[in-house]
file final36.cif (mmCIF, C-alpha atoms and all ligand atoms)
data_query
loop_
_atom_site.label_atom_id
_atom_site.label_comp_id
_atom_site.auth_asym_id
_atom_site.auth_seq_id
_atom_site.Cartn_x
_atom_site.Cartn_y
_atom_site.Cartn_z
CA MET A 269 -17.04 -10.69 -24.94
CA SER A 270 -17.57 -13.75 -22.74
CA GLU A 271 -17.23 -13.57 -18.98
CA TYR A 272 -14.40 -16.11 -19.07
CA LEU A 273 -12.39 -13.87 -21.40
CA ILE A 274 -12.88 -10.93 -19.02
CA PHE A 275 -11.78 -13.20 -16.17
CA GLN A 276 -8.59 -14.13 -18.05
CA ILE A 277 -7.81 -10.50 -18.91
CA LEU A 278 -8.23 -9.48 -15.25
CA LEU A 279 -5.97 -12.33 -14.16
CA ILE A 280 -3.22 -11.26 -16.55
CA LEU A 281 -3.72 -7.69 -15.33
CA VAL A 282 -2.99 -8.72 -11.72
CA PHE A 283 0.23 -10.48 -12.82
CA CYS A 284 1.27 -7.37 -14.80
CA LEU A 285 0.39 -5.14 -11.87
CA ALA A 286 2.63 -7.19 -9.57
CA ILE A 287 5.54 -6.84 -12.01
CA ILE A 288 4.98 -3.06 -12.28
CA ILE A 289 4.44 -2.21 -8.61
CA PHE A 290 7.50 -4.03 -7.28
CA PRO A 291 10.14 -1.68 -8.75
CA THR A 292 7.80 1.34 -8.49
CA LEU A 293 7.20 0.94 -4.75
CA LEU A 294 10.93 0.45 -4.14
CA VAL A 295 11.43 4.00 -5.39
CA ILE A 296 8.11 5.66 -4.42
CA PRO A 297 6.77 4.45 -1.03
CA ALA A 298 2.97 4.00 -1.03
CA PRO A 299 1.80 7.22 0.70
CA TYR A 300 -0.07 5.90 3.74
CA GLY A 301 0.86 5.26 7.37
CA ARG A 302 4.34 6.62 8.19
CA HIS A 303 4.97 7.30 4.49
CA ASN A 304 1.89 9.52 4.05
CA ARG A 305 2.87 12.95 2.70
CA PRO A 306 1.32 15.99 0.99
CA GLY A 307 0.70 15.93 -2.75
CA TRP A 308 -1.63 12.93 -2.94
CA GLY A 309 -4.95 14.80 -2.93
CA SER A 310 -7.87 14.58 -0.50
CA GLN A 311 -7.48 12.57 2.68
CA ILE A 312 -9.89 10.36 4.63
CA ASN A 313 -9.77 9.01 8.18
CA ALA A 314 -7.38 6.04 7.90
CA SER A 315 -9.45 3.52 9.91
CA LEU A 316 -12.56 4.31 7.88
CA GLY A 317 -10.43 4.06 4.73
CA TRP A 318 -9.23 0.57 5.74
CA ALA A 319 -12.80 -0.65 6.39
CA ILE A 320 -14.04 0.70 3.05
CA MET A 321 -11.15 -0.46 0.88
CA GLU A 322 -11.06 -4.02 2.24
CA SER A 323 -14.84 -4.55 2.16
CA PRO A 324 -15.22 -5.71 -1.49
CA ALA A 325 -12.97 -8.74 -0.89
CA PRO A 326 -15.30 -10.66 1.48
CA ILE A 327 -18.51 -9.40 -0.17
CA VAL A 328 -17.54 -10.28 -3.75
CA PHE A 329 -16.01 -13.63 -2.74
CA ALA A 330 -19.12 -14.62 -0.73
CA PHE A 331 -21.31 -13.53 -3.66
CA CYS A 332 -19.31 -15.77 -6.03
CA PHE A 333 -19.82 -18.65 -3.58
CA ALA A 334 -23.58 -17.96 -3.49
CA ILE A 335 -24.01 -17.90 -7.29
CA GLY A 336 -21.45 -20.65 -7.98
CA ASN A 337 -22.11 -24.34 -8.52
CA ARG A 338 -19.57 -25.85 -6.09
CA LYS A 339 -21.39 -25.38 -2.78
CA THR A 340 -21.54 -29.00 -1.66
CA GLU A 341 -17.82 -29.86 -1.70
CA ALA A 342 -15.99 -29.72 1.64
CA SER A 343 -13.08 -27.86 0.04
CA SER A 344 -15.45 -25.11 -1.19
CA PHE A 345 -16.65 -24.54 2.33
CA LEU A 346 -13.12 -24.57 3.77
CA PHE A 347 -11.93 -22.02 1.18
CA LEU A 348 -14.84 -19.78 2.16
CA VAL A 349 -13.94 -20.08 5.85
CA MET A 350 -10.25 -19.28 5.18
CA TRP A 351 -11.03 -16.23 3.02
CA LEU A 352 -13.71 -14.84 5.32
CA ALA A 353 -11.63 -15.43 8.46
CA HIS A 354 -8.91 -13.17 7.03
CA TYR A 355 -11.18 -10.55 5.50
CA ILE A 356 -13.70 -10.23 8.31
CA TYR A 357 -10.72 -9.56 10.57
CA ARG A 358 -9.18 -7.08 8.09
CA THR A 359 -12.46 -5.29 7.27
CA CYS A 360 -14.31 -5.20 10.59
CA VAL A 361 -11.89 -5.90 13.47
CA TYR A 362 -8.55 -4.37 12.38
CA PRO A 363 -9.90 -0.90 11.43
CA TYR A 364 -11.75 -0.77 14.75
CA GLN A 365 -8.63 -1.78 16.73
CA ARG A 366 -6.44 0.83 15.03
CA ARG A 367 -9.03 3.60 15.18
CA SER A 368 -7.66 7.08 15.70
CA ARG A 369 -9.14 10.43 14.82
CA ARG A 370 -5.81 11.87 13.76
CA LYS A 371 -4.53 9.41 11.20
CA GLN A 372 -5.46 10.04 7.58
CA MET A 373 -4.84 8.31 4.26
CA PRO A 374 -5.18 9.61 0.69
CA VAL A 375 -8.57 8.89 -0.89
CA ILE A 376 -6.75 7.79 -4.06
CA ILE A 377 -4.98 4.98 -2.16
CA MET A 378 -8.30 3.86 -0.69
CA LEU A 379 -9.93 3.83 -4.15
CA MET A 380 -7.09 1.88 -5.76
CA ALA A 381 -7.15 -0.73 -2.98
CA PHE A 382 -10.97 -0.89 -3.20
CA LEU A 383 -10.73 -1.67 -6.93
CA PHE A 384 -7.99 -4.23 -6.42
CA ASN A 385 -9.95 -6.02 -3.68
CA MET A 386 -13.01 -6.15 -5.92
CA ILE A 387 -11.04 -7.71 -8.78
CA ASN A 388 -9.14 -10.06 -6.47
CA GLY A 389 -12.30 -11.24 -4.66
CA TYR A 390 -13.90 -11.85 -8.06
CA LEU A 391 -10.92 -13.73 -9.53
CA ASN A 392 -10.50 -16.03 -6.55
CA GLY A 393 -14.20 -16.55 -5.85
CA ARG A 394 -15.31 -16.99 -9.43
CA TYR A 395 -12.46 -19.40 -10.18
CA LEU A 396 -13.00 -21.60 -7.11
CA TYR A 397 -16.79 -21.74 -7.37
CA THR A 398 -17.35 -21.72 -11.14
CA PHE A 399 -14.40 -21.86 -13.53
CA ALA A 400 -12.05 -24.30 -11.75
CA PRO A 401 -12.01 -27.98 -12.67
CA GLU A 402 -13.93 -29.62 -9.85
CA TYR A 403 -12.03 -30.14 -6.57
CA THR A 404 -12.90 -33.76 -5.75
CA SER A 405 -13.72 -34.91 -2.23
CA TYR A 406 -10.10 -36.17 -2.04
CA TRP A 407 -8.71 -32.64 -2.35
CA ILE A 408 -9.00 -31.97 1.39
CA ARG A 409 -6.71 -34.96 1.99
CA ASP A 410 -4.22 -33.91 -0.70
CA ILE A 411 -0.81 -32.84 0.59
CA ARG A 412 -1.14 -29.52 -1.31
CA PHE A 413 -4.38 -28.65 0.46
CA LEU A 414 -3.15 -29.76 3.88
CA GLY A 415 0.26 -28.08 3.50
CA GLY A 416 -1.34 -24.90 2.15
CA LEU A 417 -3.89 -24.82 4.95
CA GLY A 418 -1.09 -25.27 7.50
CA LEU A 419 0.88 -22.36 5.99
CA PHE A 420 -2.26 -20.23 5.85
CA ILE A 421 -3.00 -20.81 9.55
CA ILE A 422 0.61 -20.14 10.61
CA GLY A 423 0.75 -16.97 8.46
CA PHE A 424 -2.58 -15.73 9.76
CA ALA A 425 -1.48 -16.31 13.38
CA ILE A 426 1.79 -14.39 12.79
CA ASN A 427 -0.06 -11.57 11.03
CA LEU A 428 -2.69 -11.24 13.78
CA HIS A 429 -0.14 -11.38 16.58
CA SER A 430 2.19 -8.87 14.88
CA ASP A 431 -0.64 -6.42 14.16
CA LYS A 432 -1.54 -6.67 17.85
CA VAL A 433 2.05 -6.06 19.00
CA LEU A 434 2.19 -2.83 16.96
CA LEU A 435 -1.20 -1.55 18.09
CA GLN A 436 -0.42 -2.31 21.75
CA LEU A 437 2.95 -0.59 21.41
CA ARG A 438 1.25 2.59 20.27
CA GLN A 439 -1.17 2.50 23.22
CA GLU A 440 1.59 1.76 25.74
CA VAL A 441 4.22 4.30 24.73
CA LYS A 442 1.77 7.08 23.84
CA LYS A 443 4.05 8.08 20.97
CA ASP A 444 3.46 7.72 17.28
CA TYR A 445 6.24 5.17 16.70
CA GLU A 446 8.56 3.13 18.90
CA ILE A 447 10.88 0.17 18.25
CA PRO A 448 8.89 -3.09 18.53
CA TYR A 449 10.63 -5.99 20.28
CA ARG A 450 7.92 -8.60 20.83
CA GLY A 451 7.27 -11.77 18.81
CA LEU A 452 8.97 -12.01 15.42
CA PHE A 453 9.83 -8.28 15.58
CA LYS A 454 12.96 -9.47 17.44
CA TYR A 455 14.19 -10.72 14.05
CA ILE A 456 12.43 -8.59 11.43
CA SER A 457 11.07 -5.05 11.17
CA CYS A 458 7.85 -6.12 9.43
CA ALA A 459 6.62 -9.29 11.10
CA ASN A 460 3.02 -8.46 10.10
CA TYR A 461 4.02 -8.42 6.41
CA PHE A 462 5.95 -11.70 6.81
CA GLY A 463 2.79 -13.33 8.25
CA GLU A 464 0.65 -11.93 5.42
CA ILE A 465 3.02 -13.33 2.77
CA ILE A 466 3.09 -16.81 4.39
CA GLU A 467 -0.71 -16.69 4.60
CA TRP A 468 -1.25 -16.03 0.89
CA LEU A 469 1.47 -18.50 -0.06
CA GLY A 470 -0.61 -21.04 1.87
CA TRP A 471 -3.73 -19.92 0.01
CA ALA A 472 -2.00 -20.30 -3.38
CA VAL A 473 -0.84 -23.83 -2.47
CA ALA A 474 -4.16 -24.93 -0.91
CA THR A 475 -6.19 -23.72 -3.91
CA TRP A 476 -3.46 -24.67 -6.42
CA SER A 477 -4.83 -21.95 -8.66
CA TRP A 478 -3.61 -19.12 -10.92
CA PRO A 479 -5.74 -16.49 -9.09
CA GLY A 480 -4.28 -17.71 -5.78
CA PHE A 481 -0.75 -17.52 -7.16
CA ALA A 482 -1.40 -14.07 -8.70
CA PHE A 483 -2.57 -12.75 -5.34
CA PHE A 484 0.47 -14.22 -3.58
CA LEU A 485 2.77 -12.58 -6.13
CA PHE A 486 0.93 -9.26 -5.80
CA THR A 487 1.27 -9.41 -1.99
CA VAL A 488 5.03 -10.01 -2.29
CA ALA A 489 5.37 -7.19 -4.84
CA ASN A 490 3.46 -4.87 -2.51
CA LEU A 491 4.98 -5.76 0.85
CA PHE A 492 8.66 -6.40 0.06
CA PRO A 493 9.30 -2.83 -1.12
CA ARG A 494 7.23 -1.46 1.77
CA ALA A 495 9.28 -3.51 4.25
CA HIS A 496 12.44 -2.16 2.61
CA GLN A 497 11.09 1.40 3.08
CA HIS A 498 10.07 0.73 6.70
CA GLN A 499 13.53 -0.65 7.44
CA LYS A 500 15.21 2.45 6.00
CA TRP A 501 12.82 4.67 7.95
CA TYR A 502 13.47 2.85 11.28
CA ARG A 503 17.24 3.11 10.84
CA LYS A 504 16.96 6.83 10.12
CA GLU A 505 14.56 7.62 13.00
CA PHE A 506 16.15 5.41 15.69
CA PRO A 507 19.98 5.51 15.89
CA ASP A 508 19.79 2.61 18.40
CA TYR A 509 17.74 0.42 16.04
CA PRO A 510 18.91 -3.24 16.34
CA LYS A 511 21.63 -3.66 13.72
CA LYS A 512 21.07 -7.36 13.06
CA ARG A 513 17.32 -7.06 12.54
CA LYS A 514 16.29 -7.89 8.96
CA ALA A 515 13.44 -6.21 7.05
CA ILE A 516 10.97 -9.01 6.30
CA ILE A 517 12.54 -12.51 6.14
CA PRO A 518 14.22 -13.62 9.37
CA PHE A 519 18.04 -14.02 8.96
CA VAL A 520 17.78 -13.40 5.19
CA TYR A 521 16.58 -9.95 4.19
P1 LIG A 601 2.22 -1.03 9.21
O1 LIG A 601 3.13 -2.02 9.86
O2 LIG A 601 2.82 0.09 8.48
O3 LIG A 601 1.21 -0.43 10.29
C1 LIG A 601 0.35 -1.26 11.03
C2 LIG A 601 -0.27 -0.47 12.20
O4 LIG A 601 0.66 -0.36 13.29
C3 LIG A 601 -0.64 0.97 11.86
O5 LIG A 601 -1.71 1.36 12.68
C4 LIG A 601 0.61 1.75 12.22
O6 LIG A 601 0.36 3.11 12.45
C5 LIG A 601 1.05 1.02 13.48
N1 LIG A 601 2.52 0.94 13.63
C6 LIG A 601 3.40 0.44 12.73
N2 LIG A 601 4.64 0.47 13.21
C7 LIG A 601 4.58 1.03 14.43
C8 LIG A 601 5.57 1.35 15.45
N3 LIG A 601 6.85 1.09 15.25
N4 LIG A 601 5.15 1.92 16.59
C9 LIG A 601 3.82 2.16 16.78
N5 LIG A 601 2.83 1.89 15.88
C10 LIG A 601 3.22 1.33 14.72
O7 LIG A 601 1.26 -1.90 8.25
P2 LIG A 601 0.27 -1.40 7.07
O8 LIG A 601 -0.57 -0.30 7.59
O9 LIG A 601 1.03 -1.24 5.81
O10 LIG A 601 -0.62 -2.75 6.90
C11 LIG A 601 -1.57 -3.15 7.87
C12 LIG A 601 -1.92 -4.62 7.65
O11 LIG A 601 -2.44 -4.83 6.34
C13 LIG A 601 -0.71 -5.56 7.80
O12 LIG A 601 -1.09 -6.68 8.55
C14 LIG A 601 -0.37 -5.94 6.37
O13 LIG A 601 0.17 -7.23 6.32
C15 LIG A 601 -1.71 -5.84 5.63
N6 LIG A 601 -1.50 -5.43 4.25
C16 LIG A 601 -1.63 -6.37 3.24
C17 LIG A 601 -1.38 -6.03 1.93
C18 LIG A 601 -1.47 -7.05 0.83
O14 LIG A 601 -1.07 -6.75 -0.31
N7 LIG A 601 -1.97 -8.26 1.07
C19 LIG A 601 -1.02 -4.65 1.55
C20 LIG A 601 -0.89 -3.76 2.68
C21 LIG A 601 -1.13 -4.15 3.95
P3 LIG A 601 0.37 4.18 11.24
O15 LIG A 601 -0.74 3.75 10.30
O16 LIG A 601 0.13 5.46 11.92
O17 LIG A 601 1.73 4.09 10.57
#

call {"tool": "encode", "arguments": {"input": "final36.cif", "output": "structure tokens", "more": "lines below"}}
Ligand code: NDP
result
Amino acid sequence: MSEYLIFQILLILVFCLAIIIFPTLLVIPAPYGRHNRPGWGSQINASLGWAIMESPAPIVFAFCFAIGNRKTEASSFLFLVMWLAHYIYRTCVYPYQRRSRRKQMPVIIMLMAFLFNMINGYLNGRYLYTFAPEYTSYWIRDIRFLGGLGLFIIGFAINLHSDKVLLQLRQEVKKDYEIPYRGLFKYISCANYFGEIIEWLGWAVATWSWPGFAFFLFTVANLFPRAHQHQKWYRKEFPDYPKKRKAIIPFVY
């Protein structure tokens, strides 16, 4: 079997996975964070789990860049910077910021995310640096690249800021959970997820690629149901929860 065939099978797998997890996660919340519960096997410290499960994404992507044949194009370099900016934050900085001895996550969740990040890093990295038709030097002036990059930066900024609001809230109130009011949390319960979705939409547009689009779709399929679950949870736990606040898209849902 050729490597390209394996690549195509994995790509189709990610699309299928997105279609399967969307309805599944609407009914069965992924058991980590506030939705963690008994019955999911051995547990691991959650911050360590985050660092381990996210680590294949930057490593595999950077490896694909190193062995690929598209190193000299400006777009190749910019894609590398975008991907690593997100994943160095998610792998090294975020787990450290949210460190806590108490919080656990199921090992099975960590392993599934580890596997997904390996496949996703491979699909995106291998496509951009080997299998894609060449991105010419004009690509970085193309409206799709510029628009996608703009969306990516805005989404990343929202995601970073919203993660920070939540982590600061926990330190300030010295309780497990409190109602967040800062930033986009005024309008939506899951501003961090909204930022993440905008970010990977930007990536899909900037790379104009099937692996980019598959990852965007997977992110939506993962985070929409989770936002729906968070929203339900907030309303149940806090009777004074702002009534007009939406789950994930300001003024819409
Ligand atoms: P959550 O919003 O559930 O939690 C983020 C952090 O903030 C956790 O440490 C959580 O604690 C804490 N927290 C959340 N809400 C409150 C609150 N009301 N009061 C106090 N502390 C709070 O996000 P996830 O853990 O699901 O995701 C973390 C990041 O990873 C996000 O930025 C998300 O976008 C990204 N992500 C991306 C995915 C993708 O498919 N691309 C998939 C999943 C996540 P605790 O853990 O104890 O609940």

call {"tool": "atom_distance", "arguments": {"input": "final36.cif", "atom1": "atom CA of A:Gly301", "atom2": "atom CA of A:Phe483"}}
result
22.3 Å

call {"tool": "axis_aligned_box", "arguments": {"input": "final36.cif", "around": "ligand LIG 601 (chain A)", "padding_each_side": "3 Å", "output": "AutoDock Vina command-line options"}}
result
--center_x 2.2 --center_y -1.4 --center_z 8.2 --size_x 15.3 --size_y 19.7 --size_z 23.1

call {"tool": "atom_distance", "arguments": {"input": "final36.cif", "atom1": "atom C15 of ligand LIG 601 (chain A)", "atom2": "atom CA of A:Arg450"}}
result
18.2 Å

call {"tool": "residues_around", "arguments": {"input": "final36.cif", "residues": "stretch 494-506 of chain A", "least_positions_apart": "2", "cutoff": "7 Å", "atoms": "only C-alpha atoms", "output": "VMD selection string"}}
result
chain A and resid 293 297 457 to 458 490 to 492 508 to 509 515 to 516

call {"tool": "residues_around", "arguments": {"input": "final36.cif", "residues": "A:Met373", "least_positions_apart": "6", "cutoff": "8 Å", "atoms": "all atoms listed in the file", "output": "list in words"}}
result
Pro299, Tyr300, Gly301, Asn304, Gln311, Ile312, Asn313, Ala314 and Gly317 of chain A

call {"tool": "atom_distance", "arguments": {"input": "final36.cif", "atom1": "atom CA of A:Ala474", "atom2": "atom C13 of ligand LIG 601 (chain A)"}}
result
21.5 Å

call {"tool": "closest_residue", "arguments": {"input": "final36.cif", "among": "A:Arg370, A:Lys514, A:Lys339, A:Arg302", "to": "ligand LIG 601 (chain A)", "atoms": "only C-alpha atoms and all ligand atoms"}}
result
A:Arg302

call {"tool": "closest_residue", "arguments": {"input": "final36.cif", "among": "A:Val520, A:Val375, A:Met380, A:Ile387", "to": "A:Leu281", "atoms": "all atoms listed in the file"}}
result
A:Ile387

call {"tool": "residues_around", "arguments": {"input": "final36.cif", "residues": "stretch 416-422 of chain A", "least_positions_apart": "4", "cutoff": "8 Å", "atoms": "only C-alpha atoms", "output": "JSON, numbers by chain"}}
result
{"A": [412, 426, 463, 466, 467, 468, 469, 470, 471, 472, 473, 474, 475]}
